[in-house]
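Visitor: Got a structure for you, start-v1.txt, holding compact mmCIF, C-alpha atoms.
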# COMPACT_ATOMS: atom_id res chain seq x y z
CA MET A 14 68.62 63.20 58.53
CA SER A 15 70.41 59.90 58.04
CA GLY A 16 73.95 58.81 57.44
CA PHE A 17 75.91 60.53 60.21
CA LYS A 18 76.57 57.61 62.54
CA ASP A 19 80.32 57.38 63.28
CA LYS A 20 80.98 60.47 61.13
CA VAL A 21 83.55 63.16 61.95
CA VAL A 22 82.60 66.73 61.08
CA LEU A 23 84.67 69.94 60.96
CA VAL A 24 82.81 73.26 61.13
CA THR A 25 84.82 76.45 60.72
CA GLY A 26 83.70 79.61 62.43
CA GLY A 27 81.77 77.38 64.79
CA SER A 28 81.83 79.47 67.94
CA ARG A 29 78.56 81.31 67.25
CA GLY A 30 75.79 82.07 64.77
CA ILE A 31 75.38 79.80 61.76
CA GLY A 32 78.52 77.81 62.59
CA ARG A 33 77.28 76.99 66.07
CA ALA A 34 73.85 76.02 64.71
CA CYS A 35 75.53 73.69 62.19
CA ALA A 36 77.68 72.04 64.85
CA VAL A 37 74.68 71.36 67.08
CA ALA A 38 72.57 70.13 64.15
CA PHE A 39 75.18 67.52 63.21
CA ALA A 40 75.34 66.35 66.82
CA LYS A 41 71.57 65.98 66.99
CA ALA A 42 71.65 64.05 63.69
CA GLY A 43 73.96 61.44 65.17
CA ALA A 44 77.49 62.53 64.22
CA ALA A 45 80.16 60.92 66.39
CA THR A 46 82.51 63.90 66.65
CA VAL A 47 82.17 67.58 65.78
CA VAL A 48 85.34 69.66 65.61
CA ILE A 49 84.64 73.36 66.10
CA ASN A 50 87.11 75.78 64.60
CA TYR A 51 87.39 79.26 66.04
CA ALA A 52 89.77 82.18 65.55
CA GLY A 53 89.76 84.02 68.87
CA ASN A 54 86.71 83.74 71.12
CA GLU A 55 87.54 80.68 73.20
CA ALA A 56 84.66 81.20 75.63
CA ALA A 57 82.13 81.16 72.79
CA ALA A 58 83.79 78.11 71.25
CA GLN A 59 83.60 76.25 74.54
CA GLU A 60 79.92 77.12 74.79
CA THR A 61 79.43 75.48 71.39
CA VAL A 62 81.38 72.45 72.64
CA LYS A 63 79.00 72.20 75.58
CA LEU A 64 75.93 72.43 73.35
CA VAL A 65 77.29 69.78 70.99
CA GLN A 66 78.02 67.44 73.89
CA GLU A 67 74.54 67.98 75.29
CA ALA A 68 73.17 67.07 71.84
CA GLY A 69 74.94 63.71 72.02
CA ALA A 70 78.24 64.01 70.14
CA LYS A 71 81.85 64.29 71.14
CA ALA A 72 83.14 67.82 70.64
CA GLU A 73 86.50 69.50 70.28
CA ALA A 74 87.34 73.18 69.93
CA MET A 75 90.29 73.82 67.60
CA LYS A 76 91.82 77.29 67.33
CA PHE A 77 93.38 78.26 64.01
CA ASP A 78 93.18 81.03 61.43
CA VAL A 79 91.65 79.69 58.23
CA SER A 80 93.59 82.29 56.21
CA ASP A 81 96.79 80.51 57.29
CA THR A 82 97.06 77.68 54.76
CA ALA A 83 99.69 75.82 56.79
CA ALA A 84 97.42 75.94 59.84
CA CYS A 85 94.57 74.51 57.77
CA SER A 86 96.72 71.59 56.66
CA SER A 87 97.90 70.97 60.22
CA ALA A 88 94.34 71.06 61.53
CA VAL A 89 93.15 68.40 59.08
CA GLU A 90 96.20 66.25 59.82
CA SER A 91 95.44 66.54 63.54
CA ILE A 92 91.83 65.47 63.01
CA ILE A 93 92.87 62.46 60.94
CA LYS A 94 95.48 61.47 63.54
CA ALA A 95 92.99 61.77 66.41
CA HIS A 96 89.85 60.35 64.77
CA GLY A 97 91.05 58.38 61.76
CA ARG A 98 88.79 60.15 59.28
CA LEU A 99 87.06 63.34 58.21
CA ASP A 100 83.64 62.92 56.64
CA VAL A 101 82.13 66.40 56.48
CA LEU A 102 83.75 69.82 56.06
CA VAL A 103 81.63 72.93 56.55
CA ASN A 104 83.43 76.09 55.41
CA ASN A 105 81.51 78.69 57.38
CA ALA A 106 84.21 81.05 58.69
CA GLY A 107 83.82 84.51 57.20
CA VAL A 108 84.29 88.21 57.71
CA ALA A 109 82.80 91.36 56.18
CA VAL A 110 84.37 94.84 56.15
CA ASP A 111 81.92 97.15 54.41
CA ALA A 112 83.08 100.17 52.39
CA LEU A 113 82.36 101.86 49.09
CA VAL A 114 84.73 100.53 46.45
CA MET A 115 86.65 103.83 46.20
CA ARG A 116 87.39 103.57 49.93
CA VAL A 117 88.25 99.88 50.24
CA LYS A 118 91.69 99.50 51.80
CA ASP A 119 94.05 96.91 50.39
CA GLU A 120 94.32 95.20 53.77
CA ASP A 121 90.52 94.95 54.08
CA TRP A 122 90.23 93.49 50.56
CA ASP A 123 92.96 90.97 51.36
CA LYS A 124 91.43 90.06 54.73
CA GLN A 125 88.05 89.20 53.24
CA LEU A 126 89.45 87.23 50.31
CA ASP A 127 91.93 85.43 52.58
CA ILE A 128 89.36 84.33 55.16
CA ASN A 129 86.26 83.87 53.04
CA LEU A 130 87.77 82.33 49.92
CA LYS A 131 91.39 81.28 50.42
CA GLY A 132 90.51 79.69 53.76
CA ALA A 133 87.83 77.54 52.18
CA PHE A 134 90.21 76.57 49.37
CA ALA A 135 92.98 75.65 51.83
CA LEU A 136 90.70 73.41 53.88
CA ILE A 137 89.22 71.76 50.79
CA ARG A 138 92.72 71.06 49.52
CA ALA A 139 93.73 69.57 52.88
CA ALA A 140 90.53 67.56 53.35
CA SER A 141 90.38 66.19 49.82
CA ARG A 142 93.24 63.71 50.35
CA PRO A 143 91.77 61.83 53.32
CA MET A 144 88.32 61.98 51.76
CA MET A 145 89.69 60.50 48.54
CA LYS A 146 91.28 57.67 50.50
CA GLN A 147 87.93 57.06 52.20
CA ARG A 148 86.26 57.30 48.81
CA GLY A 149 83.60 59.51 50.26
CA GLY A 150 82.87 62.81 51.92
CA ALA A 151 80.77 65.97 51.83
CA ILE A 152 81.94 69.57 51.65
CA ILE A 153 79.56 72.48 52.14
CA ASN A 154 80.64 76.07 51.58
CA LEU A 155 78.69 78.95 53.10
CA THR A 156 78.39 81.62 50.45
CA SER A 157 75.87 84.51 50.58
CA ILE A 158 73.04 86.08 48.67
CA VAL A 159 75.37 88.99 47.89
CA GLY A 160 77.69 86.55 46.13
CA GLU A 161 74.83 85.97 43.70
CA THR A 162 73.37 89.49 43.46
CA GLY A 163 76.18 91.84 44.47
CA ASN A 164 75.65 94.59 47.02
CA GLY A 165 76.74 98.21 47.16
CA GLY A 166 79.36 98.80 49.82
CA GLN A 167 80.38 95.13 49.83
CA ALA A 168 82.61 94.76 46.77
CA ALA A 169 85.21 92.63 48.53
CA TYR A 170 82.69 90.54 50.47
CA SER A 171 80.56 89.97 47.38
CA ALA A 172 83.62 89.00 45.34
CA SER A 173 84.78 86.52 47.97
CA LYS A 174 81.37 84.90 48.22
CA ALA A 175 80.92 84.77 44.44
CA GLY A 176 84.33 83.14 44.28
CA LEU A 177 83.12 80.47 46.66
CA ILE A 178 80.39 79.54 44.20
CA GLY A 179 82.92 79.07 41.42
CA LEU A 180 85.20 77.12 43.74
CA THR A 181 82.30 74.88 44.75
CA LYS A 182 81.41 74.00 41.18
CA ALA A 183 85.00 73.39 40.07
CA VAL A 184 85.87 71.15 43.01
CA ALA A 185 82.55 69.29 42.70
CA LYS A 186 83.58 68.26 39.19
CA GLU A 187 87.08 67.26 40.31
CA LEU A 188 86.04 65.13 43.26
CA ALA A 189 82.80 63.54 42.06
CA SER A 190 84.56 60.41 40.79
CA ARG A 191 85.74 59.72 44.34
CA ASN A 192 82.21 60.03 45.76
CA ILE A 193 82.96 63.39 47.37
CA ARG A 194 80.10 65.84 47.01
CA VAL A 195 80.70 69.61 47.12
CA ASN A 196 77.82 72.04 47.49
CA ALA A 197 77.12 75.54 48.78
CA VAL A 198 74.44 77.15 50.91
CA SER A 199 73.60 80.78 50.20
CA PRO A 200 71.90 82.49 53.14
CA GLY A 201 69.99 85.73 52.86
CA PHE A 202 69.40 87.93 55.88
CA ILE A 203 69.81 85.79 58.99
CA SER A 204 69.45 86.80 62.64
CA THR A 205 73.07 86.78 63.78
CA ASP A 206 75.41 89.16 65.57
CA MET A 207 75.81 91.05 62.27
CA THR A 208 72.10 91.83 61.96
CA ASN A 209 71.30 92.11 65.66
CA VAL A 210 73.26 95.40 65.88
CA LEU A 211 71.04 97.09 63.28
CA ASN A 212 68.65 99.79 64.46
CA ASP A 213 64.90 99.25 64.19
CA GLU A 214 64.58 101.30 60.99
CA LEU A 215 67.25 99.33 59.11
CA ARG A 216 65.95 96.04 60.46
CA LYS A 217 62.42 96.87 59.25
CA LYS A 218 63.81 97.81 55.85
CA LEU A 219 65.52 94.43 55.64
CA VAL A 220 62.39 92.54 56.65
CA ASP A 221 60.30 94.48 54.15
CA SER A 222 62.61 93.31 51.36
CA VAL A 223 62.01 89.63 52.15
CA PRO A 224 58.92 87.98 50.56
CA LEU A 225 58.49 85.72 53.62
CA ALA A 226 58.52 88.93 55.71
CA ARG A 227 61.05 87.90 58.34
CA LEU A 228 64.73 87.25 58.87
CA GLY A 229 65.94 83.68 58.84
CA ALA A 230 67.27 81.79 61.84
CA PRO A 231 70.75 80.22 61.99
CA GLU A 232 69.07 76.86 62.61
CA GLU A 233 67.26 77.11 59.27
CA VAL A 234 70.57 77.55 57.46
CA ALA A 235 71.99 74.64 59.47
CA GLN A 236 69.19 72.37 58.27
CA ALA A 237 70.11 73.14 54.67
CA VAL A 238 73.76 72.33 55.41
CA LEU A 239 72.72 69.12 57.16
CA PHE A 240 70.59 68.08 54.19
CA LEU A 241 73.40 68.58 51.69
CA ALA A 242 75.77 66.56 53.87
CA SER A 243 73.27 63.74 54.36
CA ASP A 244 72.44 60.59 52.43
CA ALA A 245 69.23 62.32 51.35
CA ALA A 246 71.38 64.50 49.05
CA ALA A 247 73.50 61.63 47.72
CA TYR A 248 72.83 62.63 44.08
CA ILE A 249 73.39 66.37 44.56
CA THR A 250 76.73 68.04 43.90
CA GLY A 251 77.88 71.41 42.57
CA GLU A 252 74.66 73.09 43.65
CA VAL A 253 73.91 76.33 45.50
CA LEU A 254 70.97 76.01 47.88
CA LYS A 255 69.36 79.37 48.60
CA VAL A 256 68.06 80.03 52.12
CA ASN A 257 66.86 83.60 51.71
CA GLY A 258 63.10 83.79 52.26
CA GLY A 259 62.51 84.45 48.55
CA MET A 260 64.72 87.53 48.23
CA TYR A 261 66.55 86.09 45.22
CA MET A 262 65.11 83.27 43.15
Let me see the structure of the file written as structure tokens.
Guide:
Amino acid sequence: MSGFKDKVVLVTGGSRGIGRACAVAFAKAGAATVVINYAGNEAAAQETVKLVQEAGAKAEAMKFDVSDTAACSSAVESIIKAHGRLDVLVNNAGVAVDALVMRVKDEDWDKQLDINLKGAFALIRAASRPMMKQRGGAIINLTSIVGETGNGGQAAYSASKAGLIGLTKAVAKELASRNIRVNAVSPGFISTDMTNVLNDELRKKLVDSVPLARLGAPEEVAQAVLFLASDAAAYITGEVLKVNGGMYM
């Protein structure tokens, strides 16, 4: 992918899984600096830092809670102060607390909406100003197949991810005139910590539901994110790119 020389990238939820894969992919594609947000697991975040550095980019781990809007603003300000710019924002941080709708606790609803949706909004709001001054930038939001299809037992998670799609399209229209592109990637079932804990029976059931007959890899999602952030996608904005093995077309 082209167009990442001298670019500064922020990836939220970058300590593991899809976020880590995205951070490393940007480094391999020539990004100058990758800032890796994490909420609590410093050891995992530092491992991502090491992988990004080995891939050829400068790396920085930055701890903050994306549901804290003031912390989001401070984080972007810190990046601008340290690096002079922010070119790519990847809103990947997310959480799922599964429960049937009649049993969803208020605090679990709030947690998922705050992290998955409000966090993305807060960072977009903070990043939009420096990107507008630069007259360019790319924002990629990680939604989910369940944000498109819904899923029993995931009312709050599905709502938060569906909200991200609406947010993506609205902000894409607002920022297009300043050459800021806003897109989303919608993964299906990906091999991450969330799926690795499933027993063999549930895992087989998942695989059987996928036309390509396998789970996806975090690196495959990262390549979709990289594409949407790259010059190759210069005429694409407001889109949702599905990475789901054919589960939902």
Visitor: So which residues touch Ile31 in chain A within 12 Å, counting all atoms listed in the file, skipping near sequence neighbours fewer than 4 positions away, as a ChimeraX atom specification?
Guide: /A:24-27,35-38,61,103-107,155-156,198-207,229-239
Visitor: I'd like the contact shell of Ser91 in chain A - 12 Å cut-off, all atoms listed in the file, skipping same-chain residues fewer than 2 positions apart - returned as a list in words.
Guide: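 That gives Leu23, Val48, Glu73, Met75, Lys76, Phe77, Ala84, Cys85, Ser86, Ser87, Ala88, Val89, Ile93, Lys94, Ala95, His96, Gly97, Arg98, Leu99, Ala139, Ala140 and Pro143 of chain A.
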Visitor: Given all atoms listed in the file as the basis, pick out the residue of A:Ala70, A:Ile249, A:Met145, A:Val108 nearest to Ile128 in chain A.
Guide: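 For Ile128 in chain A, the nearest of the candidates is A:Val108.
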Visitor: Could you state the separation of CA of Lys217 in chain A and CA of Asp111 in chain A in Å, given to one decimal place?
Guide: 20.1 Å
Visitor: Which residues, written as an MDAnalysis selection string, have at least one atom at most 7 Å from Gly251 in chain A, with all atoms listed in the file counted and residues fewer than 4 positions away on the same chain left out?
Guide: chainID A and resid 181:182 185 195:196
Visitor: Around all of range 159-175 of chain A's listed atoms, make the axis-aligned box with 3 Å on each side and tell me centre and edge lengths in Å to one decimal, as lines of an AutoDock Vina configuration file.
Guide:
center_x = 79.3
center_y = 91.8
center_z = 47.0
size_x = 17.8
size_y = 20.0
size_z = 13.0
Visitor: For Glu120 in chain A, which residue out of A:Ala83, A:Gly30, A:Ile152, A:Ala169 is the nearest one, using all atoms listed in the file?
Guide: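 Checking each of A:Ala83, A:Gly30, A:Ile152, A:Ala169 against Glu120 in chain A, counting all atoms listed in the file, the winner is A:Ala169.
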Visitor: Using only C-alpha atoms, which of the listed residues (A:Ile49, A:Leu219, A:Leu113, A:Leu254) sits closest to Leu241 in chain A?
Guide: A:Leu254
